[in-house]
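Novice: My questions will all concern the structure given below.
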Amino acid sequence: MKMQQSGVTVWFTGLSGAGKTTICKAVEQKLLGFFVQTLEKGE
């Protein structure tokens, strides 16, 4: 089965504690129904 979606990459950058993960989770919730994969590098 072929997905009928185009790919996109969103990259959040910023200082530690700036809220990148919080924003990422909010965007992920808005994209319910789409395939979303989150990659996070923990320090």
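Every chain in the structure tokens takes a letter, A first, then B, and so on in the order presented; its residues are numbered from 1, and the ligands are numbered from 1 following the presented order.
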If you count only C-alpha atoms, which residues fall within 10 Å of segment 4-12 of chain A, apart from same-chain ones fewer than 3 positions away, as a list in words?
Specialist: Met1, Gly19, Lys20, Thr21, Ile23, Cys24, Val27, Phe34, Phe35, Val36, Gln37, Thr38 and Leu39 of chain A
Novice: Keeping only N, CA and C atoms, write the selected residues as an mmCIF file, in the first residue's frame.
Specialist:
```cif
data_model
loop_
_atom_site.group_PDB
_atom_site.id
_atom_site.type_symbol
_atom_site.label_atom_id
_atom_site.label_comp_id
_atom_site.auth_asym_id
_atom_site.auth_seq_id
_atom_site.Cartn_x
_atom_site.Cartn_y
_atom_site.Cartn_z
ATOM 1 N N MET A 1 0.839 -1.174 0.000
ATOM 2 C CA MET A 1 0.000 0.000 0.000
ATOM 3 C C MET A 1 0.893 1.248 0.000
ATOM 4 N N GLY A 19 12.654 25.223 25.043
ATOM 5 C CA GLY A 19 11.296 24.760 24.760
ATOM 6 C C GLY A 19 11.136 24.003 23.452
ATOM 7 N N LYS A 20 12.231 23.533 22.886
ATOM 8 C CA LYS A 20 12.163 22.811 21.604
ATOM 9 C C LYS A 20 11.289 21.565 21.705
ATOM 10 N N THR A 21 11.470 20.794 22.752
ATOM 11 C CA THR A 21 10.695 19.564 22.920
ATOM 12 C C THR A 21 9.224 19.873 23.130
ATOM 13 N N ILE A 23 7.522 22.488 22.002
ATOM 14 C CA ILE A 23 6.973 22.897 20.707
ATOM 15 C C ILE A 23 6.819 21.683 19.801
ATOM 16 N N CYS A 24 7.809 20.816 19.803
ATOM 17 C CA CYS A 24 7.766 19.609 18.970
ATOM 18 C C CYS A 24 6.551 18.752 19.311
ATOM 19 N N VAL A 27 3.346 20.405 17.988
ATOM 20 C CA VAL A 27 3.229 20.231 16.533
ATOM 21 C C VAL A 27 2.818 18.802 16.211
ATOM 22 N N PHE A 34 -1.225 11.740 10.602
ATOM 23 C CA PHE A 34 -0.079 11.664 9.705
ATOM 24 C C PHE A 34 1.011 10.836 10.370
ATOM 25 N N PHE A 35 1.869 10.233 9.569
ATOM 26 C CA PHE A 35 3.017 9.518 10.113
ATOM 27 C C PHE A 35 4.034 10.556 10.562
ATOM 28 N N VAL A 36 4.333 10.578 11.857
ATOM 29 C CA VAL A 36 5.282 11.520 12.421
ATOM 30 C C VAL A 36 6.331 10.734 13.188
ATOM 31 N N GLN A 37 7.586 11.064 12.960
ATOM 32 C CA GLN A 37 8.671 10.428 13.698
ATOM 33 C C GLN A 37 9.508 11.524 14.322
ATOM 34 N N THR A 38 9.715 11.427 15.639
ATOM 35 C CA THR A 38 10.471 12.431 16.366
ATOM 36 C C THR A 38 11.815 11.843 16.761
ATOM 37 N N LEU A 39 12.863 12.574 16.451
ATOM 38 C CA LEU A 39 14.212 12.193 16.859
ATOM 39 C C LEU A 39 14.706 13.246 17.812
#
```
